[in-house]
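**Student:** My structure is in query-v4.cif, and what it holds is mmCIF, C-alpha atoms and all ligand atoms:
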```cif
data_protein
loop_
_atom_site.label_atom_id
_atom_site.label_comp_id
_atom_site.auth_asym_id
_atom_site.auth_seq_id
_atom_site.Cartn_x
_atom_site.Cartn_y
_atom_site.Cartn_z
CA MET A 302 -19.17 195.60 -175.75
CA LEU A 303 -20.08 193.66 -172.58
CA ALA A 304 -22.07 190.44 -173.07
CA VAL A 305 -25.31 190.41 -171.06
CA VAL A 306 -25.36 187.42 -168.72
CA PRO A 307 -28.93 186.21 -168.04
CA PRO A 308 -29.84 185.85 -164.34
CA PRO A 309 -30.00 182.32 -162.89
CA VAL A 310 -33.36 180.57 -162.99
CA THR A 311 -34.67 178.50 -160.07
CA VAL A 312 -37.33 175.86 -160.59
CA LYS A 313 -39.33 174.04 -157.92
CA VAL A 314 -40.38 170.51 -158.84
CA PRO A 315 -42.57 168.01 -156.97
CA SER A 316 -42.02 164.39 -156.02
CA LYS A 317 -44.63 161.78 -156.97
CA ILE A 318 -46.30 158.77 -155.51
CA ASN A 319 -48.19 156.12 -157.41
CA VAL A 320 -51.65 155.96 -155.83
CA HIS A 321 -52.33 153.01 -158.16
CA LEU A 322 -49.71 151.04 -160.11
CA SER A 323 -50.70 148.12 -162.30
CA VAL A 324 -47.75 146.45 -164.05
CA GLY A 325 -48.37 144.43 -167.24
CA GLU A 326 -46.00 141.95 -168.82
CA ALA A 327 -42.43 142.81 -169.85
CA ARG A 328 -42.23 144.24 -173.39
CA LYS A 329 -39.59 143.38 -175.99
CA ASP A 330 -37.83 146.70 -175.29
CA GLY A 331 -37.34 145.72 -171.63
CA TYR A 332 -40.05 148.04 -170.29
CA HIS A 333 -43.33 146.96 -168.70
CA GLU A 334 -46.70 148.22 -169.86
CA LEU A 335 -48.17 150.27 -167.00
CA THR A 336 -51.48 151.67 -165.88
CA THR A 337 -50.67 154.05 -163.06
CA ILE A 338 -52.15 157.03 -161.27
CA PHE A 339 -49.51 159.53 -160.25
CA GLN A 340 -50.03 162.25 -157.67
CA ALA A 341 -47.51 165.09 -157.34
CA LEU A 342 -46.63 165.88 -153.72
CA SER A 343 -45.38 168.99 -151.94
CA LEU A 344 -42.11 167.26 -150.98
CA SER A 345 -39.89 168.77 -153.67
CA ASP A 346 -36.46 169.54 -155.12
CA GLU A 347 -35.22 172.96 -156.26
CA VAL A 348 -33.00 173.26 -159.28
CA THR A 349 -31.08 176.41 -160.26
CA VAL A 350 -29.60 176.71 -163.73
CA ALA A 351 -27.19 179.53 -164.50
CA ALA A 352 -24.94 180.73 -167.29
CA ALA A 353 -21.31 180.36 -166.17
CA GLU A 354 -17.76 180.38 -167.48
CA GLU A 355 -17.18 176.83 -166.27
CA PRO A 356 -19.75 173.99 -166.39
CA GLY A 357 -20.59 172.28 -163.11
CA LEU A 358 -23.15 170.53 -160.97
CA GLU A 359 -23.53 170.85 -157.19
CA VAL A 360 -25.87 168.76 -155.07
CA HIS A 361 -27.10 169.68 -151.60
CA GLY A 362 -29.64 168.22 -149.19
CA GLU A 363 -31.33 164.84 -148.87
CA GLY A 364 -29.03 162.04 -150.08
CA ALA A 365 -26.66 164.51 -151.77
CA LYS A 366 -23.61 162.30 -151.11
CA VAL A 367 -24.91 159.43 -153.26
CA VAL A 368 -26.10 161.49 -156.23
CA PRO A 369 -23.77 161.25 -159.24
CA THR A 370 -22.46 164.67 -160.32
CA GLY A 371 -21.09 163.65 -163.72
CA GLU A 372 -22.67 163.09 -167.10
CA ASN A 373 -24.98 160.39 -165.72
CA ASN A 374 -26.84 162.83 -163.51
CA LEU A 375 -30.31 163.13 -165.04
CA ALA A 376 -30.09 166.94 -164.87
CA TRP A 377 -27.02 166.87 -167.15
CA ARG A 378 -28.73 164.44 -169.46
CA ALA A 379 -31.59 166.93 -169.67
CA VAL A 380 -29.17 169.73 -170.66
CA HIS A 381 -27.79 167.59 -173.49
CA ALA A 382 -31.23 166.42 -174.64
CA LEU A 383 -32.63 169.97 -174.79
CA ALA A 384 -29.53 171.38 -176.50
CA GLU A 385 -29.73 168.65 -179.12
CA HIS A 386 -33.48 169.16 -179.57
CA VAL A 387 -33.13 172.88 -180.33
CA GLY A 388 -29.77 172.64 -182.11
CA ARG A 389 -27.83 174.64 -179.51
CA PRO A 390 -24.05 174.74 -180.18
CA ALA A 391 -21.84 172.46 -178.06
CA ALA A 392 -20.03 175.52 -176.68
CA ASP A 393 -23.21 176.53 -174.83
CA LEU A 394 -23.23 173.24 -172.91
CA ALA A 395 -19.91 174.18 -171.39
CA LYS A 396 -21.52 177.33 -169.99
CA VAL A 397 -24.22 175.83 -167.78
CA ARG A 398 -24.03 175.51 -164.01
CA ILE A 399 -26.63 173.50 -162.12
CA VAL A 400 -27.37 173.48 -158.39
CA LEU A 401 -29.69 170.76 -157.05
CA ARG A 402 -31.27 171.23 -153.61
CA LYS A 403 -32.75 167.84 -152.86
CA GLY A 404 -35.74 167.19 -150.62
CA ILE A 405 -36.81 164.04 -152.46
CA PRO A 406 -35.12 160.81 -151.26
CA VAL A 407 -32.62 159.36 -153.74
CA ALA A 408 -33.70 156.04 -155.32
CA GLY A 409 -36.76 156.20 -153.09
CA GLY A 410 -39.52 155.48 -155.63
CA MET A 411 -40.53 159.16 -155.61
CA ALA A 412 -38.90 160.10 -158.95
CA GLY A 413 -36.37 162.59 -157.61
CA GLY A 414 -33.94 162.21 -160.50
CA SER A 415 -36.81 162.52 -162.98
CA ALA A 416 -37.97 165.64 -161.13
CA ASP A 417 -34.51 167.20 -161.49
CA ALA A 418 -34.47 166.40 -165.21
CA ALA A 419 -37.90 168.01 -165.70
CA ALA A 420 -36.87 171.06 -163.65
CA THR A 421 -33.68 171.43 -165.71
CA LEU A 422 -35.70 171.39 -168.95
CA VAL A 423 -38.00 174.13 -167.63
CA GLY A 424 -35.15 176.19 -166.17
CA LEU A 425 -33.01 175.96 -169.27
CA ALA A 426 -35.92 176.83 -171.55
CA ALA A 427 -36.29 180.04 -169.50
CA LEU A 428 -32.52 180.74 -169.31
CA TRP A 429 -32.09 180.27 -173.07
CA LYS A 430 -35.39 182.09 -173.77
CA LEU A 431 -36.73 179.20 -175.83
CA ASP A 432 -40.33 179.36 -176.93
CA LEU A 433 -41.24 175.73 -176.29
CA GLY A 434 -44.73 174.47 -175.59
CA ARG A 435 -45.52 171.93 -172.91
CA ASP A 436 -46.02 169.08 -175.35
CA GLU A 437 -42.65 169.71 -176.96
CA LEU A 438 -40.87 169.71 -173.58
CA ALA A 439 -42.76 166.54 -172.60
CA HIS A 440 -41.50 164.87 -175.78
CA VAL A 441 -37.90 165.63 -174.79
CA ALA A 442 -38.71 164.59 -171.20
CA ALA A 443 -39.90 161.14 -172.30
CA THR A 444 -36.49 160.43 -173.87
CA LEU A 445 -34.91 160.91 -170.42
CA GLY A 446 -37.09 158.52 -168.40
CA SER A 447 -40.62 157.18 -168.09
CA ASP A 448 -41.45 159.38 -165.06
CA VAL A 449 -40.00 162.66 -166.38
CA PRO A 450 -43.08 163.92 -168.31
CA PHE A 451 -45.26 163.64 -165.19
CA ALA A 452 -42.87 165.85 -163.21
CA LEU A 453 -43.47 168.57 -165.83
CA TYR A 454 -47.24 168.49 -165.46
CA GLY A 455 -47.76 167.56 -161.80
CA GLY A 456 -51.29 167.34 -160.43
CA THR A 457 -52.87 163.91 -160.59
CA ALA A 458 -52.66 161.95 -163.84
CA LEU A 459 -53.25 158.55 -165.36
CA GLY A 460 -50.06 157.21 -166.95
CA THR A 461 -50.03 154.47 -169.58
CA GLY A 462 -47.46 153.04 -172.00
CA ARG A 463 -44.28 152.89 -169.91
CA GLY A 464 -45.78 155.67 -167.75
CA GLU A 465 -45.06 158.57 -170.10
CA GLU A 466 -48.48 158.86 -171.79
CA LEU A 467 -50.49 161.11 -169.48
CA VAL A 468 -54.11 162.12 -169.08
CA PRO A 469 -55.16 164.40 -166.20
CA VAL A 470 -57.33 162.90 -163.46
CA LEU A 471 -59.81 165.10 -161.61
CA SER A 472 -58.61 165.60 -158.03
CA ARG A 473 -59.48 169.03 -156.68
CA HIS A 474 -59.27 168.12 -153.01
CA VAL A 475 -56.10 168.03 -150.95
CA PHE A 476 -54.90 164.65 -149.66
CA HIS A 477 -52.53 164.42 -146.69
CA TRP A 478 -49.67 161.94 -146.73
CA VAL A 479 -46.91 160.77 -144.39
CA LEU A 480 -43.76 159.44 -146.06
CA ALA A 481 -41.34 156.99 -144.46
CA PHE A 482 -37.84 157.00 -146.00
CA ASP A 483 -35.84 153.78 -145.71
CA GLN A 484 -32.14 153.53 -144.80
CA ARG A 485 -31.00 153.07 -148.43
CA GLY A 486 -32.55 153.38 -151.89
CA LEU A 487 -33.72 150.57 -154.17
CA SER A 488 -32.81 150.24 -157.85
CA THR A 489 -35.88 150.52 -160.11
CA PRO A 490 -34.72 147.90 -162.72
CA ARG A 491 -33.94 145.51 -159.87
CA VAL A 492 -37.46 145.82 -158.47
CA TYR A 493 -39.06 145.26 -161.90
CA GLY A 494 -36.74 142.24 -162.30
CA GLU A 495 -37.82 140.88 -158.93
CA LEU A 496 -41.49 141.21 -159.95
CA ASP A 497 -40.77 139.21 -163.14
CA ARG A 498 -39.07 136.58 -160.99
CA LEU A 499 -41.97 136.41 -158.52
CA ARG A 500 -44.43 136.11 -161.41
CA SER A 501 -42.48 133.31 -163.08
CA ALA A 502 -42.39 131.42 -159.77
CA GLY A 503 -46.01 131.97 -158.69
CA ASP A 504 -48.85 134.43 -158.77
CA PRO A 505 -48.21 137.50 -156.63
CA PRO A 506 -51.32 139.66 -155.99
CA ARG A 507 -52.32 142.14 -158.70
CA VAL A 508 -54.13 145.43 -158.18
CA GLY A 509 -57.63 145.73 -159.67
CA SER A 510 -58.97 148.29 -162.12
CA HIS A 511 -58.01 151.95 -161.82
CA ALA A 512 -61.63 153.10 -162.36
CA PRO A 513 -62.69 153.09 -158.66
CA VAL A 514 -59.47 154.93 -157.78
CA VAL A 515 -60.34 157.70 -160.25
CA GLU A 516 -63.80 158.00 -158.63
CA ALA A 517 -62.36 158.09 -155.11
CA LEU A 518 -59.90 160.83 -156.11
CA ALA A 519 -62.74 162.89 -157.60
CA SER A 520 -64.77 162.47 -154.38
CA GLY A 521 -61.89 163.90 -152.34
CA ASP A 522 -62.75 161.45 -149.53
CA PRO A 523 -59.58 159.87 -148.11
CA HIS A 524 -61.72 157.13 -146.50
CA ARG A 525 -62.83 156.06 -150.00
CA LEU A 526 -59.33 156.25 -151.45
CA ALA A 527 -57.52 154.45 -148.61
CA PRO A 528 -58.71 150.85 -149.29
CA LEU A 529 -57.98 151.30 -153.02
CA LEU A 530 -54.28 152.22 -152.74
CA GLY A 531 -52.39 149.50 -154.61
CA ASN A 532 -49.05 148.79 -156.24
CA ASP A 533 -48.03 145.66 -158.17
CA LEU A 534 -44.36 146.45 -157.40
CA GLN A 535 -44.99 146.33 -153.65
CA ALA A 536 -44.54 142.55 -153.36
CA ALA A 537 -41.20 142.83 -155.22
CA ALA A 538 -39.99 145.75 -153.09
CA VAL A 539 -40.96 143.90 -149.89
CA SER A 540 -39.26 140.74 -151.16
CA LEU A 541 -36.00 142.70 -151.59
CA ARG A 542 -36.51 144.71 -148.37
CA PRO A 543 -38.51 142.58 -145.90
CA ASN A 544 -38.33 145.36 -143.25
CA LEU A 545 -40.89 147.31 -145.32
CA ARG A 546 -43.60 144.96 -144.04
CA ARG A 547 -42.96 146.31 -140.55
CA THR A 548 -42.91 149.92 -141.75
CA LEU A 549 -46.25 149.49 -143.55
CA ARG A 550 -47.80 148.02 -140.41
CA ALA A 551 -46.32 150.72 -138.17
CA GLY A 552 -47.87 153.54 -140.27
CA VAL A 553 -51.36 152.10 -139.92
CA ASP A 554 -50.77 151.38 -136.21
CA ALA A 555 -49.77 155.06 -135.87
CA GLY A 556 -53.19 156.14 -137.19
CA ALA A 557 -52.91 156.34 -141.00
CA LEU A 558 -55.91 155.12 -143.03
CA ALA A 559 -53.67 152.95 -145.24
CA GLY A 560 -50.13 152.66 -146.53
CA VAL A 561 -48.52 151.66 -149.82
CA VAL A 562 -44.98 151.37 -151.18
CA SER A 563 -44.37 154.31 -153.53
CA GLY A 564 -43.42 153.14 -157.05
CA SER A 565 -40.41 150.82 -156.86
CA GLY A 566 -39.87 151.79 -153.21
CA PRO A 567 -38.54 151.69 -150.63
CA THR A 568 -40.39 154.85 -149.50
CA CYS A 569 -43.78 154.03 -147.94
CA ALA A 570 -46.65 156.53 -148.34
CA PHE A 571 -49.43 156.69 -145.74
CA LEU A 572 -52.76 158.36 -146.45
CA CYS A 573 -54.18 160.29 -143.48
CA GLU A 574 -57.58 161.72 -142.69
CA ASP A 575 -56.43 165.36 -142.50
CA ALA A 576 -53.39 167.58 -141.90
CA ASP A 577 -53.50 167.30 -138.09
CA THR A 578 -53.71 163.51 -138.22
CA ALA A 579 -50.76 163.44 -140.64
CA LEU A 580 -48.65 165.38 -138.11
CA ARG A 581 -49.64 163.01 -135.30
CA VAL A 582 -48.94 159.92 -137.46
CA SER A 583 -45.55 161.30 -138.50
CA ALA A 584 -44.51 161.85 -134.87
CA ARG A 585 -45.60 158.35 -133.83
CA LEU A 586 -44.00 156.72 -136.87
CA ALA A 587 -40.72 158.55 -136.23
CA GLY A 588 -40.84 157.22 -132.66
CA ALA A 589 -41.46 153.64 -133.82
CA GLY A 590 -37.89 153.38 -135.15
CA VAL A 591 -38.85 151.50 -138.32
CA CYS A 592 -37.41 153.95 -140.85
CA ARG A 593 -34.67 156.57 -141.34
CA THR A 594 -36.75 159.74 -141.72
CA VAL A 595 -40.41 160.72 -141.76
CA ARG A 596 -41.96 163.64 -143.72
CA VAL A 597 -45.47 165.00 -144.14
CA ALA A 598 -46.64 166.14 -147.56
CA HIS A 599 -49.82 167.01 -149.41
CA GLY A 600 -51.00 166.63 -152.96
CA PRO A 601 -51.83 167.28 -155.67
CA VAL A 602 -49.43 170.16 -156.39
CA PRO A 603 -48.36 171.66 -159.77
CA GLY A 604 -45.45 170.37 -161.83
CA ALA A 605 -42.03 171.99 -162.41
CA ARG A 606 -42.32 175.78 -162.31
CA VAL A 607 -39.99 178.75 -162.24
CA VAL A 608 -39.94 180.32 -158.77
CA ASP A 609 -37.07 182.76 -159.25
CA GLY A 610 -35.49 184.25 -162.36
CA ASP A 611 -36.32 186.24 -165.47
CA ASP A 612 -39.51 184.34 -166.20
CA SER A 613 -40.81 183.83 -162.68
CA PRO A 614 -44.17 185.61 -163.18
CA HIS A 615 -44.96 183.19 -166.00
CA ASP A 616 -45.22 179.45 -165.78
CA PRO A 617 -43.40 178.15 -168.87
CA VAL A 618 -45.25 174.87 -168.61
CA PRO A 619 -49.04 175.26 -168.54
CA ARG A 620 -50.51 173.41 -165.58
CA VAL A 621 -52.88 170.56 -166.17
CA HIS A 622 -54.73 171.25 -162.92
CA ALA A 623 -55.88 174.34 -161.08
C1 LIG B 1 -41.40 152.46 -160.89
C2 LIG B 1 -41.77 153.84 -161.35
C3 LIG B 1 -43.28 154.03 -161.14
O1 LIG B 1 -43.68 155.35 -161.43
O2 LIG B 1 -41.13 154.90 -160.67
P1 LIG B 1 -39.92 154.94 -159.55
O3 LIG B 1 -40.34 154.04 -158.44
O4 LIG B 1 -38.67 154.48 -160.22
O5 LIG B 1 -39.84 156.36 -159.12
C4 LIG B 1 -41.45 154.01 -162.86
O6 LIG B 1 -42.07 153.01 -163.64
C5 LIG B 1 -39.97 154.05 -163.18
O7 LIG B 1 -39.76 155.10 -164.05
P2 LIG B 1 -38.26 155.67 -164.30
O8 LIG B 1 -37.52 155.68 -163.01
O9 LIG B 1 -38.41 156.95 -165.07
O10 LIG B 1 -37.68 154.51 -165.16
P3 LIG B 1 -36.80 154.55 -166.52
O11 LIG B 1 -35.58 155.34 -166.25
O12 LIG B 1 -37.66 154.89 -167.70
O13 LIG B 1 -36.42 153.00 -166.61
C6 LIG B 1 -35.51 152.39 -165.73
C7 LIG B 1 -35.72 150.89 -165.80
O14 LIG B 1 -36.94 150.53 -165.10
C8 LIG B 1 -37.62 149.48 -165.76
N1 LIG B 1 -38.94 149.97 -166.22
C9 LIG B 1 -39.27 151.26 -166.17
C10 LIG B 1 -40.53 151.69 -166.56
C11 LIG B 1 -41.44 150.71 -167.06
N2 LIG B 1 -42.66 151.06 -167.48
N3 LIG B 1 -41.08 149.42 -167.12
C12 LIG B 1 -39.84 149.02 -166.69
O15 LIG B 1 -39.53 147.83 -166.73
C13 LIG B 1 -36.73 149.08 -166.94
O16 LIG B 1 -35.88 148.05 -166.44
C14 LIG B 1 -35.91 150.34 -167.19
O17 LIG B 1 -34.68 150.07 -167.80
N1 LIG B 2 -30.52 164.30 -160.13
C1 LIG B 2 -30.54 163.09 -159.57
N2 LIG B 2 -31.08 162.91 -158.35
C2 LIG B 2 -31.12 161.66 -157.80
N3 LIG B 2 -30.64 160.55 -158.37
C3 LIG B 2 -30.11 160.67 -159.59
C4 LIG B 2 -30.05 161.93 -160.22
N4 LIG B 2 -29.48 161.74 -161.43
C5 LIG B 2 -29.20 160.43 -161.54
N5 LIG B 2 -29.56 159.77 -160.44
C6 LIG B 2 -29.45 158.30 -160.26
O1 LIG B 2 -30.76 157.77 -160.43
C7 LIG B 2 -31.06 156.74 -159.48
C8 LIG B 2 -32.56 156.74 -159.17
O2 LIG B 2 -32.85 157.91 -158.48
P1 LIG B 2 -34.29 158.55 -158.18
O3 LIG B 2 -34.86 159.15 -159.41
O4 LIG B 2 -34.08 159.42 -157.00
O5 LIG B 2 -35.15 157.30 -157.69
P2 LIG B 2 -36.40 156.47 -158.20
O6 LIG B 2 -36.11 156.01 -159.60
O7 LIG B 2 -36.50 155.36 -157.21
O8 LIG B 2 -37.58 157.35 -158.12
C9 LIG B 2 -30.18 157.09 -158.27
O9 LIG B 2 -29.74 155.93 -157.64
C10 LIG B 2 -29.00 157.87 -158.87
O10 LIG B 2 -27.87 157.05 -159.06
#
```
Show me, as structure tokens, the structure contained in the file I just sent.

**Tutor:**
Amino acid sequence: MLAVVPPPVTVKVPSKINVHLSVGEARKDGYHELTTIFQALSLSDEVTVAAAEEPGLEVHGEGAKVVPTGENNLAWRAVHALAEHVGRPAADLAKVRIVLRKGIPVAGGMAGGSADAAATLVGLAALWKLDLGRDELAHVAATLGSDVPFALYGGTALGTGRGEELVPVLSRHVFHWVLAFDQRGLSTPRVYGELDRLRSAGDPPRVGSHAPVVEALASGDPHRLAPLLGNDLQAAAVSLRPNLRRTLRAGVDAGALAGVVSGSGPTCAFLCEDADTALRVSARLAGAGVCRTVRVAHGPVPGARVVDGDDSPHDPVPRVHA
């Protein structure tokens, strides 16, 4: 009898920016306590998981050359974590092929690796026909990285703990962003380490409360949100990459309402008044020669979802936001 091979499953998964990122003190486990507001953006990766005779991982697109393809790729780690969680036999791990099509800059502070891990969990759950709820997948996701659960849910959310404890934030309006990619990525632990160093040597600026940011997001008014964009890691990212100061200035000079370093950087995110302005700002910023690549994006968008495969009519992960 012929074995039935399930069709490959393709999952689209968003990037994120931190509209607000307040970093507390370092914890004993090496992580920092966070209060952050994530927004999922239309700039995305696509991940295909397929049953195959030989295991393998291919990477295409933005930054593909510097993405590890071995066991330390977060997508592979997601395969192992899910297999272990549901007690799948080791032989099945040797029969998974993964293709990553990257749009999200690598080590750019936009959680591209986390996005791929979340997409792999969703894709594999569909490929293996697992009946797993969102909360259960999010539990596995949190073991892979602090940002992975958010990539499952998408939308706009308040993250606490090390960023993995999520509550949805009302944000029904579309915000328009311009993203400036830097020449090279920045290591997240290095940026947190630099913030600890700056704090032990002085008193770098800290962002205020997240409450006004939540209100501005609910209002949908980019003019209200713009002055509230803030990131405690920005000073550390700029300290390690002083050219970001020039990039941040150039975005505002090009017509953005405000700019902020995304997460641990070095990508800078610029909030614009509307879609047309975002296009104009992106063209001017590209011409300013301060960064490697410029992209426009909008948010919020949904989290990881199947776009092609057996389960494509259904979203295996319920969305937090409409
Ligand atoms: C800074 C943020 C902001 O959203 O995103 P990125 O800029 O990396 O995308 C996150 O906190 C990154 O989350 P993620 O990239 O998943 O980090 P993890 O793999 O969990 O941790 C990598 C390392 O970052 C540091 N880390 C991470 C999260 C946290 N709350 N405190 C930390 O100090 C620790 O040194 C940890 O060992
Ligand atoms: N699937 C993946 N895509 C990108 N980077 C990955 C992936 N898996 C592992 N990595 C590693 O994770 C590091 C952080 O990548 P990424 O998640 O893109 O950035 P950030 O943490 O700044 O948001 C990269 O430098 C890379 O070595």

**Student:** Starting from the point (-44.1, 142.4, -150.3), work out which residues of protein, DNA or RNA have an atom no more than 12 Å away when counting all atoms listed in the file; state them as an NGL selection string.

**Tutor:** :A and (492 or 495-496 or 499 or 505-507 or 531-550 or 561-562 or 565-567 or 569)

**Student:** My list of candidates is A:Ala527, A:Cys573, A:Ala392, A:Ile405. Which is closest to ligand LIG 1 (chain B) when distances are computed with only C-alpha atoms and all ligand atoms?

**Tutor:** A:Ile405

**Student:** Residues contacting ligand LIG 2 (chain B) - anything with an atom at most 7 Å away, using only C-alpha atoms and all ligand atoms - can you give me those as a list in words?

**Tutor:** Val367, Val368, Pro369, Asn373, Asn374, Leu375, Ala376, Pro406, Val407, Ala408, Gly409, Gly410, Met411, Ala412, Gly413, Gly414, Ser415, Asp417, Ala418, Gly486, Leu487, Ser488, Thr489, Ser565 and Gly566 of chain A

**Student:** Give, as lines of an AutoDock Vina configuration file, the centre coordinates and the x, y and z edge lengths in Å to one decimal for an axis-aligned box around all listed atoms of stretch 599-611 of chain A, padded by 4 Å on each side.

**Tutor:**
```
center_x = -43.7
center_y = 176.4
center_z = -157.4
size_x = 24.3
size_y = 27.6
size_z = 24.1
```

**Student:** Can you pull out every residue within 7 Å of A:Leu342, counting all atoms listed in the file, but drop anything in the same chain fewer than 2 positions away, and send it as a ChimeraX atom specification?

**Tutor:** /A:315-317,340,344,598-602

**Student:** Go through A:Ala439, A:Ala576, A:Val508, A:Leu401 one by one, measure the shortest atom-to-atom distance of each to A:Lys366 using all atoms listed in the file, and give the residue with the smallest value.

**Tutor:** A:Leu401

**Student:** Go through A:Glu437, A:Glu465, A:Asp448, A:Glu359 one by one, measure the shortest atom-to-atom distance of each to ligand LIG 1 (chain B) using only C-alpha atoms and all ligand atoms, and give the residue with the smallest value.

**Tutor:**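 Closest residue, counting only C-alpha atoms and all ligand atoms: A:Asp448.
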
**Student:** Between A:Glu516, A:Asp432, A:Asp346, A:Glu466, which one has atoms that come closest to ligand LIG 1 (chain B), using all atoms listed in the file?

**Tutor:** A:Glu466

**Student:** Find the residues with any atom within 7 Å of (-47.2, 170.1, -161.1); use all atoms listed in the file and the coordinates as given in the file, and write the answer as number ranges by chain.

**Tutor:** A: 315, 341, 452-456, 602-605, 620

**Student:** Atom C11 of ligand LIG 1 (chain B) to atom CA of A:His333: how many Å, to one decimal?

**Tutor:**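 Separation of atom C11 of ligand LIG 1 (chain B) and atom CA of A:His333: 4.5 Å.
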
**Student:** My list of candidates is A:Val320, A:Ala382, A:Leu335, A:Ala395. Which is closest to A:Leu530 when distances are computed with all atoms listed in the file?

**Tutor:**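 The shortest atom-to-atom distance to A:Leu530 comes from A:Val320.
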
**Student:** Find, counting only C-alpha atoms and all ligand atoms, the residue in A:Val400, A:Leu558, A:Leu431, A:Ile318 that gets nearest to ligand LIG 1 (chain B).

**Tutor:**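 Smallest separation from ligand LIG 1 (chain B) among the options: A:Ile318.
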
**Student:** Could you state the separation of atom CA of A:Ala416 and atom CA of A:Leu383 in Å, given to one decimal place?

**Tutor:** 15.3 Å

**Student:** Name the residues in contact with stretch 469-478 of chain A at a cut-off of 9 Å, using all atoms listed in the file, excluding same-chain residues fewer than 2 positions from it; report them as an mmCIF file with C-alpha atoms, keeping the file's coordinate frame.

**Tutor:**
```cif
data_model
loop_
_atom_site.group_PDB
_atom_site.id
_atom_site.type_symbol
_atom_site.label_atom_id
_atom_site.label_comp_id
_atom_site.auth_asym_id
_atom_site.auth_seq_id
_atom_site.Cartn_x
_atom_site.Cartn_y
_atom_site.Cartn_z
ATOM 1 C CA ILE A 338 -52.150 157.030 -161.270
ATOM 2 C CA LEU A 342 -46.630 165.880 -153.720
ATOM 3 C CA TYR A 454 -47.240 168.490 -165.460
ATOM 4 C CA GLY A 456 -51.290 167.340 -160.430
ATOM 5 C CA THR A 457 -52.870 163.910 -160.590
ATOM 6 C CA ALA A 458 -52.660 161.950 -163.840
ATOM 7 C CA LEU A 459 -53.250 158.550 -165.360
ATOM 8 C CA GLY A 460 -50.060 157.210 -166.950
ATOM 9 C CA LEU A 467 -50.490 161.110 -169.480
ATOM 10 C CA LEU A 480 -43.760 159.440 -146.060
ATOM 11 C CA VAL A 515 -60.340 157.700 -160.250
ATOM 12 C CA GLU A 516 -63.800 158.000 -158.630
ATOM 13 C CA ALA A 517 -62.360 158.090 -155.110
ATOM 14 C CA LEU A 518 -59.900 160.830 -156.110
ATOM 15 C CA ALA A 519 -62.740 162.890 -157.600
ATOM 16 C CA SER A 520 -64.770 162.470 -154.380
ATOM 17 C CA GLY A 521 -61.890 163.900 -152.340
ATOM 18 C CA ASP A 522 -62.750 161.450 -149.530
ATOM 19 C CA PRO A 523 -59.580 159.870 -148.110
ATOM 20 C CA ALA A 557 -52.910 156.340 -141.000
ATOM 21 C CA ALA A 570 -46.650 156.530 -148.340
ATOM 22 C CA PHE A 571 -49.430 156.690 -145.740
ATOM 23 C CA LEU A 572 -52.760 158.360 -146.450
ATOM 24 C CA CYS A 573 -54.180 160.290 -143.480
ATOM 25 C CA GLU A 574 -57.580 161.720 -142.690
ATOM 26 C CA ASP A 575 -56.430 165.360 -142.500
ATOM 27 C CA ALA A 576 -53.390 167.580 -141.900
ATOM 28 C CA THR A 578 -53.710 163.510 -138.220
ATOM 29 C CA ALA A 579 -50.760 163.440 -140.640
ATOM 30 C CA ARG A 596 -41.960 163.640 -143.720
ATOM 31 C CA VAL A 597 -45.470 165.000 -144.140
ATOM 32 C CA ALA A 598 -46.640 166.140 -147.560
ATOM 33 C CA HIS A 599 -49.820 167.010 -149.410
ATOM 34 C CA GLY A 600 -51.000 166.630 -152.960
ATOM 35 C CA PRO A 601 -51.830 167.280 -155.670
ATOM 36 C CA VAL A 602 -49.430 170.160 -156.390
ATOM 37 C CA VAL A 621 -52.880 170.560 -166.170
ATOM 38 C CA HIS A 622 -54.730 171.250 -162.920
ATOM 39 C CA ALA A 623 -55.880 174.340 -161.080
#
```

**Student:** What separation in Å, quoted to one decimal, exists between atom CA of A:Tyr493 and atom CA of A:Val360?

**Tutor:**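 Atom-to-atom, atom CA of A:Tyr493 to atom CA of A:Val360, that is 27.8 Å.
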
**Student:** Could you add N, CA and C atoms to stretch 467-473 of chain A and give me the result as a PDB file, keeping the file's coordinate frame?

**Tutor:**
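File rebuild18.pdb, as written:
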```
ATOM      1  N   LEU A 467     -49.766 160.575-170.644  1.00  0.00           N
ATOM      2  CA  LEU A 467     -50.490 161.110-169.480  1.00  0.00           C
ATOM      3  C   LEU A 467     -51.827 161.720-169.835  1.00  0.00           C
ATOM      4  N   VAL A 468     -52.801 161.470-168.981  1.00  0.00           N
ATOM      5  CA  VAL A 468     -54.110 162.120-169.080  1.00  0.00           C
ATOM      6  C   VAL A 468     -54.432 162.624-167.680  1.00  0.00           C
ATOM      7  N   PRO A 469     -54.855 163.902-167.559  1.00  0.00           N
ATOM      8  CA  PRO A 469     -55.160 164.400-166.200  1.00  0.00           C
ATOM      9  C   PRO A 469     -56.329 163.667-165.561  1.00  0.00           C
ATOM     10  N   VAL A 470     -56.253 163.533-164.253  1.00  0.00           N
ATOM     11  CA  VAL A 470     -57.330 162.900-163.460  1.00  0.00           C
ATOM     12  C   VAL A 470     -57.875 163.976-162.523  1.00  0.00           C
ATOM     13  N   LEU A 471     -59.193 164.076-162.461  1.00  0.00           N
ATOM     14  CA  LEU A 471     -59.810 165.100-161.610  1.00  0.00           C
ATOM     15  C   LEU A 471     -59.520 164.808-160.133  1.00  0.00           C
ATOM     16  N   SER A 472     -58.895 165.773-159.457  1.00  0.00           N
ATOM     17  CA  SER A 472     -58.610 165.600-158.030  1.00  0.00           C
ATOM     18  C   SER A 472     -58.425 166.995-157.441  1.00  0.00           C
ATOM     19  N   ARG A 473     -59.565 167.639-157.122  1.00  0.00           N
ATOM     20  CA  ARG A 473     -59.480 169.030-156.680  1.00  0.00           C
ATOM     21  C   ARG A 473     -59.232 169.153-155.185  1.00  0.00           C
TER      22      ARG A 473
END
```
